[in-house]
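This is start.tsv. It holds TSV, C-alpha atoms.
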```tsv
chain	number	residue	atom	x	y	z
A	1	MET	CA	36.06	61.76	137.23
A	2	ASN	CA	36.16	58.04	137.95
A	3	ALA	CA	33.92	55.50	139.57
A	4	SER	CA	35.73	55.78	142.93
A	5	GLN	CA	34.48	59.29	143.44
A	6	SER	CA	31.30	59.72	145.43
A	7	LEU	CA	27.92	60.54	143.98
A	8	GLY	CA	28.01	63.74	146.03
A	9	SER	CA	31.23	64.84	144.32
A	10	ARG	CA	29.71	64.26	140.89
A	11	ILE	CA	26.56	66.17	141.78
A	12	ARG	CA	28.61	69.05	143.16
A	13	PHE	CA	30.70	69.12	140.00
A	14	ILE	CA	27.62	69.26	137.74
A	15	VAL	CA	25.84	71.88	139.89
A	16	ILE	CA	28.87	74.19	139.81
A	17	LEU	CA	29.29	73.77	136.06
A	18	GLY	CA	25.58	74.54	135.67
A	19	ALA	CA	26.10	77.79	137.58
A	20	LEU	CA	28.99	78.69	135.25
A	21	ILE	CA	26.90	78.07	132.14
A	22	ALA	CA	24.14	80.22	133.66
A	23	PHE	CA	26.28	83.38	133.48
A	24	ALA	CA	25.27	84.03	129.87
A	25	PRO	CA	21.48	83.39	130.02
A	26	LEU	CA	21.14	85.22	133.33
A	27	SER	CA	23.07	88.22	132.02
A	28	ILE	CA	21.01	88.28	128.82
A	29	ASP	CA	17.49	87.54	130.03
A	30	MET	CA	17.39	89.04	133.50
A	31	TYR	CA	17.72	92.63	132.37
A	32	LEU	CA	15.35	92.42	129.37
A	33	PRO	CA	12.34	93.58	131.46
A	34	ALA	CA	14.40	96.64	132.47
A	35	PHE	CA	14.86	97.95	128.90
A	36	PRO	CA	12.16	100.66	129.16
A	37	ALA	CA	13.43	101.79	132.58
A	38	ILE	CA	17.03	101.97	131.33
A	39	ALA	CA	15.95	103.99	128.26
A	40	ASP	CA	14.05	106.45	130.49
A	41	TYR	CA	16.94	106.70	132.96
A	42	PHE	CA	19.47	107.65	130.29
A	43	GLY	CA	17.00	109.52	128.09
A	44	VAL	CA	17.75	107.43	125.00
A	45	ALA	CA	15.70	105.58	122.39
A	46	PRO	CA	14.92	101.87	122.96
A	47	GLY	CA	17.27	100.97	120.12
A	48	ALA	CA	20.20	102.40	122.06
A	49	VAL	CA	19.48	100.05	124.95
A	50	GLN	CA	19.28	97.12	122.54
A	51	THR	CA	22.87	97.83	121.49
A	52	THR	CA	23.97	96.82	125.00
A	53	LEU	CA	22.62	93.35	124.21
A	54	ALA	CA	24.38	93.21	120.84
A	55	VAL	CA	27.64	94.27	122.50
A	56	PHE	CA	27.24	91.46	125.01
A	57	PHE	CA	26.97	88.88	122.21
A	58	VAL	CA	30.11	90.29	120.59
A	59	GLY	CA	31.93	89.98	123.91
A	60	LEU	CA	30.84	86.36	124.29
A	61	ALA	CA	32.18	85.44	120.86
A	62	VAL	CA	35.48	87.34	121.15
A	63	GLY	CA	36.08	86.30	124.75
A	64	GLN	CA	35.68	82.61	124.00
A	65	GLY	CA	38.14	82.87	121.13
A	66	ILE	CA	40.73	84.34	123.48
A	67	LEU	CA	40.11	82.21	126.55
A	68	GLY	CA	40.08	78.81	124.84
A	69	PRO	CA	43.82	78.73	124.01
A	70	VAL	CA	44.64	80.47	127.30
A	71	MET	CA	42.98	77.62	129.21
A	72	ASP	CA	44.89	75.04	127.17
A	73	SER	CA	48.14	76.77	128.18
A	74	LEU	CA	47.51	77.85	131.78
A	75	GLY	CA	44.97	75.28	132.89
A	76	ARG	CA	41.28	75.77	133.55
A	77	LEU	CA	41.12	77.13	137.08
A	78	ARG	CA	43.15	80.36	137.04
A	79	PRO	CA	41.61	81.84	133.84
A	80	LEU	CA	38.17	80.78	135.08
A	81	LEU	CA	38.57	82.50	138.45
A	82	LEU	CA	39.95	85.62	136.75
A	83	GLY	CA	37.02	85.62	134.31
A	84	ILE	CA	34.48	85.41	137.13
A	85	ALA	CA	36.22	88.25	138.97
A	86	VAL	CA	36.04	90.38	135.80
A	87	PHE	CA	32.33	89.50	135.48
A	88	VAL	CA	31.69	90.63	139.07
A	89	ALA	CA	33.60	93.91	138.61
A	90	ALA	CA	31.86	94.64	135.30
A	91	SER	CA	28.44	93.97	136.86
A	92	VAL	CA	29.19	96.49	139.60
A	93	TRP	CA	30.38	98.97	136.97
A	94	ALA	CA	27.14	98.50	135.03
A	95	SER	CA	25.12	99.40	138.12
A	96	PHE	CA	27.02	102.71	138.38
A	97	ALA	CA	26.94	103.53	134.64
A	98	SER	CA	26.40	107.23	134.04
A	99	ASP	CA	25.36	106.99	130.38
A	100	ILE	CA	24.48	104.38	127.77
A	101	ALA	CA	28.05	104.27	126.43
A	102	SER	CA	29.36	103.40	129.88
A	103	LEU	CA	26.72	100.70	130.26
A	104	SER	CA	27.68	99.25	126.87
A	105	ALA	CA	31.34	99.15	127.86
A	106	ALA	CA	30.46	97.44	131.14
A	107	ARG	CA	28.34	94.88	129.28
A	108	LEU	CA	31.23	94.13	126.91
A	109	LEU	CA	33.57	93.52	129.86
A	110	GLN	CA	30.86	91.49	131.59
A	111	ALA	CA	30.63	89.18	128.57
A	112	LEU	CA	34.42	88.85	128.27
A	113	GLY	CA	34.55	87.65	131.87
A	114	GLY	CA	31.37	85.60	131.92
A	115	CYS	CA	32.27	83.56	128.85
A	116	ALA	CA	35.06	81.93	130.89
A	117	GLY	CA	32.39	79.77	132.50
A	118	ILE	CA	31.09	78.59	129.13
A	119	VAL	CA	34.54	77.64	127.82
A	120	ALA	CA	35.71	76.05	131.06
A	121	SER	CA	32.59	73.94	131.58
A	122	ARG	CA	32.85	72.16	128.21
A	123	ALA	CA	36.63	71.77	128.53
A	124	MET	CA	36.43	70.37	132.07
A	125	VAL	CA	33.87	67.79	131.04
A	126	ARG	CA	36.16	66.76	128.17
A	127	ASP	CA	39.10	66.52	130.58
A	128	LEU	CA	37.30	64.08	132.87
A	129	PHE	CA	34.86	62.03	130.78
A	130	ASP	CA	34.79	59.95	127.61
A	131	GLU	CA	32.37	60.72	124.78
A	132	ARG	CA	29.34	58.84	126.12
A	133	ALA	CA	29.76	60.04	129.70
A	134	SER	CA	30.36	63.58	128.41
A	135	ALA	CA	27.05	63.45	126.55
A	136	GLN	CA	25.31	62.43	129.79
A	137	VAL	CA	26.85	65.36	131.67
A	138	TYR	CA	26.00	67.81	128.88
A	139	SER	CA	22.42	66.51	129.00
A	140	LEU	CA	22.22	67.33	132.69
A	141	LEU	CA	23.70	70.76	132.05
A	142	MET	CA	20.95	71.42	129.50
A	143	LEU	CA	18.63	71.76	132.48
A	144	VAL	CA	20.22	75.18	132.86
A	145	MET	CA	19.67	75.99	129.19
A	146	GLY	CA	15.98	75.25	129.61
A	147	LEU	CA	15.36	76.76	133.04
A	148	ALA	CA	17.48	79.91	132.88
A	149	PRO	CA	15.54	81.60	130.01
A	150	ILE	CA	12.31	80.95	131.95
A	151	LEU	CA	13.46	82.02	135.41
A	152	ALA	CA	15.72	84.94	134.48
A	153	PRO	CA	12.99	87.23	133.01
A	154	VAL	CA	10.75	86.39	135.98
A	155	ILE	CA	13.50	87.37	138.43
A	156	GLY	CA	14.26	90.49	136.39
A	157	GLY	CA	10.58	91.42	136.25
A	158	PHE	CA	10.26	91.08	140.03
A	159	LEU	CA	13.37	93.18	140.62
A	160	ILE	CA	12.34	95.96	138.23
A	161	ALA	CA	8.85	96.05	139.75
A	162	ASN	CA	10.21	96.55	143.27
A	163	PHE	CA	13.61	98.21	142.85
A	164	GLU	CA	15.63	100.39	140.49
A	165	TRP	CA	17.11	98.67	137.41
A	166	GLN	CA	20.62	98.87	138.88
A	167	VAL	CA	19.70	96.18	141.42
A	168	ILE	CA	19.63	93.60	138.60
A	169	PHE	CA	23.37	94.09	138.09
A	170	TRP	CA	24.03	93.91	141.82
A	171	VAL	CA	22.25	90.53	141.85
A	172	LEU	CA	24.43	89.36	138.94
A	173	ALA	CA	27.53	90.57	140.80
A	174	ALA	CA	26.47	88.69	143.93
A	175	PHE	CA	25.85	85.53	141.90
A	176	GLY	CA	29.34	85.77	140.40
A	177	ALA	CA	30.92	86.44	143.80
A	178	LEU	CA	29.28	83.31	145.24
A	179	CYS	CA	30.65	81.26	142.35
A	180	ILE	CA	34.28	82.14	143.13
A	181	PRO	CA	34.60	80.06	146.34
A	182	ALA	CA	32.38	77.35	144.83
A	183	VAL	CA	34.76	77.00	141.87
A	184	PHE	CA	37.92	77.23	143.98
A	185	PHE	CA	36.91	74.65	146.56
A	186	GLY	CA	34.43	72.58	144.56
A	187	LEU	CA	36.07	72.08	141.16
A	188	GLY	CA	39.83	72.23	141.30
A	189	GLU	CA	42.14	71.97	138.32
A	190	THR	CA	41.22	69.35	135.70
A	191	LEU	CA	44.12	69.85	133.24
A	192	PRO	CA	47.44	68.61	134.72
A	193	PRO	CA	50.60	70.59	133.89
A	194	GLU	CA	52.04	67.84	131.67
A	195	LYS	CA	49.04	68.12	129.32
A	196	ARG	CA	49.20	71.90	128.92
A	197	HIS	CA	50.59	73.72	125.90
A	198	ARG	CA	53.96	75.28	126.56
A	199	GLY	CA	54.01	78.98	125.92
A	200	LEU	CA	51.21	81.11	124.55
A	201	SER	CA	51.66	82.96	121.26
A	202	LEU	CA	49.51	84.18	118.41
A	203	ALA	CA	51.16	81.63	116.14
A	204	GLY	CA	50.35	78.84	118.59
A	205	VAL	CA	46.75	80.00	118.92
A	206	GLY	CA	46.42	80.14	115.15
A	207	ARG	CA	47.83	76.62	114.78
A	208	ALA	CA	45.40	75.28	117.38
A	209	TYR	CA	42.37	76.76	115.64
A	210	LEU	CA	43.65	75.76	112.20
A	211	ALA	CA	44.08	72.17	113.36
A	212	LEU	CA	40.49	72.10	114.62
A	213	CYS	CA	39.15	73.63	111.40
A	214	MET	CA	41.06	71.02	109.39
A	215	ASP	CA	39.56	68.21	111.47
A	216	GLY	CA	36.50	67.33	109.38
A	217	PRO	CA	34.58	65.31	111.99
A	218	PHE	CA	35.10	67.94	114.72
A	219	LEU	CA	34.00	70.77	112.46
A	220	ALA	CA	31.01	68.82	111.17
A	221	PHE	CA	29.71	67.90	114.63
A	222	ALA	CA	30.33	71.42	115.96
A	223	LEU	CA	28.53	72.94	112.95
A	224	ALA	CA	25.64	70.50	113.26
A	225	ASN	CA	25.17	71.53	116.88
A	226	ALA	CA	25.49	75.23	116.04
A	227	LEU	CA	23.03	75.04	113.15
A	228	LEU	CA	20.30	73.31	115.15
A	229	SER	CA	20.97	75.68	118.03
A	230	SER	CA	20.49	78.57	115.58
A	231	ALA	CA	17.10	77.08	114.66
A	232	MET	CA	16.22	77.58	118.33
A	233	PHE	CA	17.33	81.19	118.08
A	234	ALA	CA	15.20	81.67	114.97
A	235	TYR	CA	12.23	80.41	116.99
A	236	ILE	CA	13.05	82.76	119.89
A	237	THR	CA	13.37	85.71	117.49
A	238	GLY	CA	10.27	85.02	115.42
A	239	SER	CA	7.81	83.45	117.85
A	240	PRO	CA	6.71	86.63	119.71
A	241	PHE	CA	5.46	88.16	116.45
A	242	VAL	CA	4.01	84.89	115.13
A	243	PHE	CA	2.07	83.96	118.24
A	244	ILE	CA	1.21	87.37	119.75
A	245	GLU	CA	0.66	89.49	116.65
A	246	LEU	CA	-0.36	86.87	114.08
A	247	HIS	CA	-2.33	84.43	116.22
A	248	GLY	CA	-3.52	86.88	118.86
A	249	LEU	CA	-2.08	85.29	121.99
A	250	ALA	CA	-1.94	87.47	125.08
A	251	PRO	CA	1.61	88.03	126.39
A	252	GLU	CA	0.76	85.88	129.43
A	253	ALA	CA	-0.38	83.03	127.19
A	254	TYR	CA	2.76	83.37	125.08
A	255	ALA	CA	4.86	83.11	128.25
A	256	ILE	CA	3.08	79.85	129.10
A	257	LEU	CA	3.69	78.54	125.57
A	258	PHE	CA	7.37	79.50	125.83
A	259	GLY	CA	7.58	77.69	129.15
A	260	VAL	CA	5.97	74.54	127.73
A	261	ASN	CA	8.52	74.44	124.91
A	262	ALA	CA	11.37	74.93	127.40
A	263	ALA	CA	9.93	72.09	129.51
A	264	GLY	CA	9.98	69.89	126.40
A	265	LEU	CA	13.66	70.72	125.87
A	266	ILE	CA	14.46	69.89	129.50
A	267	ALA	CA	12.53	66.62	129.43
A	268	ALA	CA	14.18	65.51	126.18
A	269	SER	CA	17.67	66.23	127.54
A	270	GLN	CA	17.00	64.11	130.63
A	271	VAL	CA	15.55	61.25	128.57
A	272	ASN	CA	18.71	61.51	126.48
A	273	ALA	CA	20.85	60.98	129.59
A	274	LEU	CA	18.89	57.80	130.34
A	275	LEU	CA	19.07	56.50	126.77
A	276	LEU	CA	22.84	56.93	126.73
A	277	ARG	CA	23.12	54.06	129.21
A	278	ARG	CA	22.09	51.66	126.44
A	279	ILE	CA	22.44	53.50	123.11
A	280	SER	CA	25.42	55.35	121.65
A	281	GLY	CA	25.24	59.11	121.48
A	282	ARG	CA	25.83	59.13	117.74
A	283	ALA	CA	22.89	56.78	117.12
A	284	ILE	CA	20.66	59.06	119.20
A	285	LEU	CA	22.03	62.08	117.36
A	286	LYS	CA	21.19	60.57	113.97
A	287	ALA	CA	17.61	59.76	115.00
A	288	ALA	CA	17.08	63.13	116.71
A	289	MET	CA	18.33	65.16	113.75
A	290	THR	CA	16.12	63.17	111.38
A	291	PHE	CA	13.16	63.86	113.66
A	292	HIS	CA	14.12	67.57	113.87
A	293	LEU	CA	14.19	67.80	110.07
A	294	ALA	CA	10.79	66.10	109.79
A	295	ALA	CA	9.31	68.52	112.33
A	296	ALA	CA	10.82	71.48	110.45
A	297	LEU	CA	9.34	70.24	107.17
A	298	ALA	CA	5.93	69.83	108.84
A	299	LEU	CA	6.24	73.35	110.24
A	300	LEU	CA	6.83	74.76	106.76
A	301	GLY	CA	3.95	72.73	105.36
A	302	PHE	CA	1.44	73.99	107.91
A	303	THR	CA	2.76	77.53	107.48
A	304	LEU	CA	2.19	77.41	103.72
A	305	PHE	CA	-1.10	75.52	103.54
A	306	MET	CA	-2.77	76.18	106.92
A	307	PRO	CA	-1.41	79.59	107.94
A	308	GLN	CA	-4.30	80.32	110.34
A	309	ALA	CA	-4.04	76.98	112.18
A	310	PHE	CA	-2.61	77.63	115.63
A	311	TRP	CA	-2.34	74.16	117.18
A	312	PRO	CA	-0.46	72.44	114.31
A	313	LEU	CA	2.00	75.34	114.27
A	314	ALA	CA	2.47	75.21	118.04
A	315	ALA	CA	2.89	71.43	117.97
A	316	CYS	CA	5.58	71.57	115.28
A	317	ILE	CA	7.47	74.27	117.20
A	318	PHE	CA	7.30	72.13	120.34
A	319	LEU	CA	8.79	69.16	118.46
A	320	VAL	CA	11.55	71.29	116.91
A	321	VAL	CA	12.54	72.75	120.29
A	322	SER	CA	12.26	69.49	122.21
A	323	SER	CA	14.32	67.46	119.74
A	324	TYR	CA	17.27	69.78	120.31
A	325	GLY	CA	17.40	68.28	123.81
A	326	PHE	CA	18.70	65.11	122.16
A	327	VAL	CA	20.97	66.91	119.68
A	328	GLY	CA	22.91	69.45	121.73
A	329	ALA	CA	24.56	67.13	124.24
A	330	ASN	CA	25.44	64.36	121.78
A	331	ALA	CA	26.76	66.66	119.03
A	332	THR	CA	28.85	68.60	121.54
A	333	ALA	CA	30.26	65.39	123.05
A	334	ALA	CA	31.10	64.02	119.59
A	335	ALA	CA	32.88	67.26	118.64
A	336	MET	CA	34.78	67.56	121.92
A	337	ALA	CA	35.88	63.91	121.70
A	338	ARG	CA	38.07	64.97	118.75
A	339	ALA	CA	39.82	67.65	120.80
A	340	ASP	CA	42.81	65.80	122.20
A	341	GLY	CA	45.12	68.41	123.71
A	342	ASN	CA	43.00	71.35	122.52
A	343	ALA	CA	39.84	71.04	124.63
A	344	GLY	CA	39.87	74.72	125.59
A	345	SER	CA	40.24	75.88	122.00
A	346	ALA	CA	37.64	73.33	120.83
A	347	SER	CA	35.20	74.54	123.47
A	348	ALA	CA	35.80	78.13	122.39
A	349	LEU	CA	35.34	77.38	118.68
A	350	THR	CA	32.16	75.42	119.42
A	351	GLY	CA	30.77	78.42	121.30
A	352	ILE	CA	31.81	80.92	118.64
A	353	LEU	CA	30.07	78.92	115.91
A	354	GLN	CA	26.96	78.63	118.07
A	355	PHE	CA	26.65	82.35	118.82
A	356	ALA	CA	27.64	83.45	115.32
A	357	LEU	CA	25.10	81.25	113.55
A	358	ALA	CA	22.43	82.12	116.10
A	359	ALA	CA	22.95	85.82	115.35
A	360	VAL	CA	22.81	85.18	111.59
A	361	MET	CA	19.64	83.07	111.70
A	362	GLY	CA	17.91	85.42	114.09
A	363	GLY	CA	18.84	88.35	111.86
A	364	LEU	CA	17.44	86.58	108.79
A	365	VAL	CA	14.09	86.05	110.52
A	366	GLY	CA	13.87	89.77	111.25
A	367	ALA	CA	15.19	90.90	107.89
A	368	PHE	CA	12.66	88.90	105.87
A	369	ASN	CA	9.66	89.49	108.12
A	370	ASP	CA	6.68	89.71	105.75
A	371	GLY	CA	3.86	89.62	108.26
A	372	SER	CA	3.60	85.82	108.28
A	373	ALA	CA	5.25	82.84	109.98
A	374	LEU	CA	7.01	81.89	106.73
A	375	PRO	CA	10.41	83.54	107.42
A	376	MET	CA	10.69	81.77	110.78
A	377	ALA	CA	9.66	78.42	109.27
A	378	LEU	CA	12.06	78.75	106.33
A	379	VAL	CA	15.02	79.68	108.51
A	380	ILE	CA	14.33	76.79	110.90
A	381	LEU	CA	14.13	74.37	107.97
A	382	ALA	CA	17.30	75.76	106.38
A	383	ALA	CA	19.19	75.38	109.66
A	384	SER	CA	17.88	71.83	110.20
A	385	LEU	CA	18.65	70.72	106.65
A	386	SER	CA	22.15	72.24	106.76
A	387	GLY	CA	22.81	70.54	110.10
A	388	THR	CA	21.73	67.19	108.67
A	389	LEU	CA	24.08	67.59	105.69
A	390	VAL	CA	27.10	68.40	107.84
A	391	ARG	CA	26.30	65.46	110.17
A	392	LEU	CA	26.34	63.19	107.12
A	393	ALA	CA	29.71	64.69	106.23
A	394	ALA	CA	30.95	63.80	109.70
A	395	ARG	CA	29.70	60.25	109.28
A	396	ARG	CA	31.59	59.86	106.01
A	397	ALA	CA	34.73	61.30	107.58
```

Final structure tokens representation of the file:
Amino acid sequence: MNASQSLGSRIRFIVILGALIAFAPLSIDMYLPAFPAIADYFGVAPGAVQTTLAVFFVGLAVGQGILGPVMDSLGRLRPLLLGIAVFVAASVWASFASDIASLSAARLLQALGGCAGIVASRAMVRDLFDERASAQVYSLLMLVMGLAPILAPVIGGFLIANFEWQVIFWVLAAFGALCIPAVFFGLGETLPPEKRHRGLSLAGVGRAYLALCMDGPFLAFALANALLSSAMFAYITGSPFVFIELHGLAPEAYAILFGVNAAGLIAASQVNALLLRRISGRAILKAAMTFHLAAALALLGFTLFMPQAFWPLAACIFLVVSSYGFVGANATAAAMARADGNAGSASALTGILQFALAAVMGGLVGAFNDGSALPMALVILAASLSGTLVRLAARRA
């Protein structure tokens, strides 16, 4: 996307990519308020409904691994449109599910289709922008990352309060259906035929992923992003217990606190876009990750020595979450800048690392829950420290 293109075209491009990235958070967060209703409808335990969420995460990881090389071979547009169509069909299937197994299968297919938007959005930005401009676009797209987790449960709560739970999946299907013409007429193909990989084979896919894994700077930047993203997931997993059970916040107050942290993330990402006009993304990344590590250390310190202090704990969490607004866009742009000829595969591998580490860190918080905030604080610090070490490895490389 060059300077000759209008501001309106750029805005349209970013808005449509934002809608594509929203497939995952909307599909995850919108139906969370419906868990009790779904359990009652099928006559199953709450844990059985939670498996439909776990299946969705599996689908996101597997689907990205498949679609990345496909998009490098066939271009971005056709696999993306097919993925959205699969998402729409799976959402309709979910609304007609007759048992929990059928709903789980529909959720798996929904994730396999919806992840096309995640892979395509990063790859399309890489196709059209250099590293600094890519970081600016990713910063704007982080508006979705901040807003979607706030708005989706609110929308889901309204729907479940006024309609049957199946309506949530009809809304998701309608959202996907609206995205099809928007993508077809508003995006177009960004990978010309001469830049595509010829043929598509398992050997070729393996070589593409092996080349990325052997590229030290790419892997380091992608891991740094994934690790600090997993610190966010550790916060999301552990904070309801820490703030509601341990510190006695009402659910409504916790929702406000969650919203304030999301607002911090959004604000930081937009400040990042402004800073990139004068400062390199890698310089911002270095400062932001140092700040993130300092906030994580402070969080552990307050957890150990002032465990009953609410405001210091909340302030440290706010700083940890907000600083990721500077990290995510710049680390992703630095990783994707290494992906000459393999942007689809690089986007897929970046996403796989992000979801895999998020699941691991979130699982560790739950597994070591001892009735205090310590597991959450330790996992956040471990993720931040590990991310800093791999960023230093990227700098040396």

Students should find that atom CA of Gly281 of chain A and atom CA of Ala331 of chain A are spaced 8.1 Å

Who sits within 12 Å of Ala315 of chain A, all atoms listed in the file, same chain under 4 positions skipped, as number ranges by chain
A: 257, 260-261, 264, 295-296, 298-299, 302, 309-311, 319-322

Set the distance at 7 Å and use all atoms listed in the file: which residues neighbour segment 270-272 of chain A once local chain neighbours fewer than 5 positions away are removed? I'd like the list as a PyMOL selection string.
chain A and resi 139-140+326

Atom CA of Gln166 of chain A and atom CA of Ala106 of chain A are how many Å apart?
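Interatomic distance, atom CA of Gln166 of chain A to atom CA of Ala106 of chain A: 12.6 Å.
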
Using only C-alpha atoms, the best pick from A:Pro25, A:Gly387, A:Gly259, A:Gly371 as closest to Phe56 of chain A would be A:Pro25

Report the distance between atom CA of Gly65 of chain A and atom CA of Val88 of chain A in Å, rounded to one decimal place.
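Straight-line distance from atom CA of Gly65 of chain A to atom CA of Val88 of chain A works out to 20.6 Å.
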
Between A:Leu108, A:Ala273, A:Leu32, A:Ala373, which residue has the minimum interatomic distance to Gly325 of chain A, considering all atoms listed in the file?
A:Ala273

Determine, counting only C-alpha atoms, which protein, DNA and RNA residues have an atom within 9 Å of an atom of Ala85 of chain A; residues of the same chain fewer than 5 positions away are not included. Present the result as a list in words.
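These residues fall inside the cut-off: Leu80, Ala90, Gly113, Gly114, Gly176, Ala177 and Ile180 of chain A.
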
Residue nearest Leu82 of chain A among A:Leu128, A:Ile14, A:Ala255, A:Cys179 (counting all atoms listed in the file):
A:Cys179

Just checking: using only C-alpha atoms, which residue out of A:Asn330, A:Thr52, A:Ser201, A:Ser91 ends up closest to Ser280 of chain A?
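Checking each candidate against Ser280 of chain A, we get A:Asn330 as the closest.
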
Around (19.8, 86.8, 137.3), as given in the file, which residues come within 8 Å? Count all atoms listed in the file and list them as a ChimeraX atom specification.
/A:26-27,29-31,152,155-156,168,171-172,175

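Restricting the calculation to only C-alpha atoms, the smallest distance between Gly362 of chain A and any of A:Leu227, A:Ala89, A:Leu300, A:Val390 is found for A:Leu227.
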
Restricting the calculation to all atoms listed in the file, which member of A:Asp72, A:Asp215, A:Glu131, A:Glu164 is positioned closest to Pro33 of chain A?
A:Glu164

Give me the residues near Phe221 of chain A as a PyMOL selection string, where near means some atom within 8 Å (using only C-alpha atoms) and where sequence neighbours in that chain fewer than 5 positions away do not count.
chain A and resi 331-332+334-335+390-391+394

Tell me, as a PyMOL selection string, which residues lie within 9 Å of segment 336-349 of chain A, counting only C-alpha atoms; anything in the same chain fewer than 6 positions away does not count.
chain A and resi 61+63-73+75-76+118-124+126-127+130-131+134+195-197+205+208-209+212+215+217-218+221-222

Select, counting all atoms listed in the file, all protein, DNA and RNA residues no farther than 12 Å from (14.3, 82.2, 115.0) in file coordinates, and express the selection as a CSV table (one decimal) with C-alpha atoms, in the coordinates of the input.
```
chain,number,residue,atom,x,y,z
A,227,LEU,CA,23.0,75.0,113.2
A,228,LEU,CA,20.3,73.3,115.2
A,229,SER,CA,21.0,75.7,118.0
A,230,SER,CA,20.5,78.6,115.6
A,231,ALA,CA,17.1,77.1,114.7
A,232,MET,CA,16.2,77.6,118.3
A,233,PHE,CA,17.3,81.2,118.1
A,234,ALA,CA,15.2,81.7,115.0
A,235,TYR,CA,12.2,80.4,117.0
A,236,ILE,CA,13.0,82.8,119.9
A,237,THR,CA,13.4,85.7,117.5
A,238,GLY,CA,10.3,85.0,115.4
A,239,SER,CA,7.8,83.4,117.8
A,240,PRO,CA,6.7,86.6,119.7
A,241,PHE,CA,5.5,88.2,116.4
A,242,VAL,CA,4.0,84.9,115.1
A,317,ILE,CA,7.5,74.3,117.2
A,320,VAL,CA,11.6,71.3,116.9
A,321,VAL,CA,12.5,72.8,120.3
A,357,LEU,CA,25.1,81.2,113.6
A,358,ALA,CA,22.4,82.1,116.1
A,359,ALA,CA,23.0,85.8,115.4
A,360,VAL,CA,22.8,85.2,111.6
A,361,MET,CA,19.6,83.1,111.7
A,362,GLY,CA,17.9,85.4,114.1
A,363,GLY,CA,18.8,88.4,111.9
A,364,LEU,CA,17.4,86.6,108.8
A,365,VAL,CA,14.1,86.0,110.5
A,366,GLY,CA,13.9,89.8,111.2
A,367,ALA,CA,15.2,90.9,107.9
A,368,PHE,CA,12.7,88.9,105.9
A,369,ASN,CA,9.7,89.5,108.1
A,373,ALA,CA,5.2,82.8,110.0
A,374,LEU,CA,7.0,81.9,106.7
A,375,PRO,CA,10.4,83.5,107.4
A,376,MET,CA,10.7,81.8,110.8
A,377,ALA,CA,9.7,78.4,109.3
A,378,LEU,CA,12.1,78.8,106.3
A,379,VAL,CA,15.0,79.7,108.5
A,380,ILE,CA,14.3,76.8,110.9
A,381,LEU,CA,14.1,74.4,108.0
A,382,ALA,CA,17.3,75.8,106.4
A,383,ALA,CA,19.2,75.4,109.7
A,384,SER,CA,17.9,71.8,110.2
```
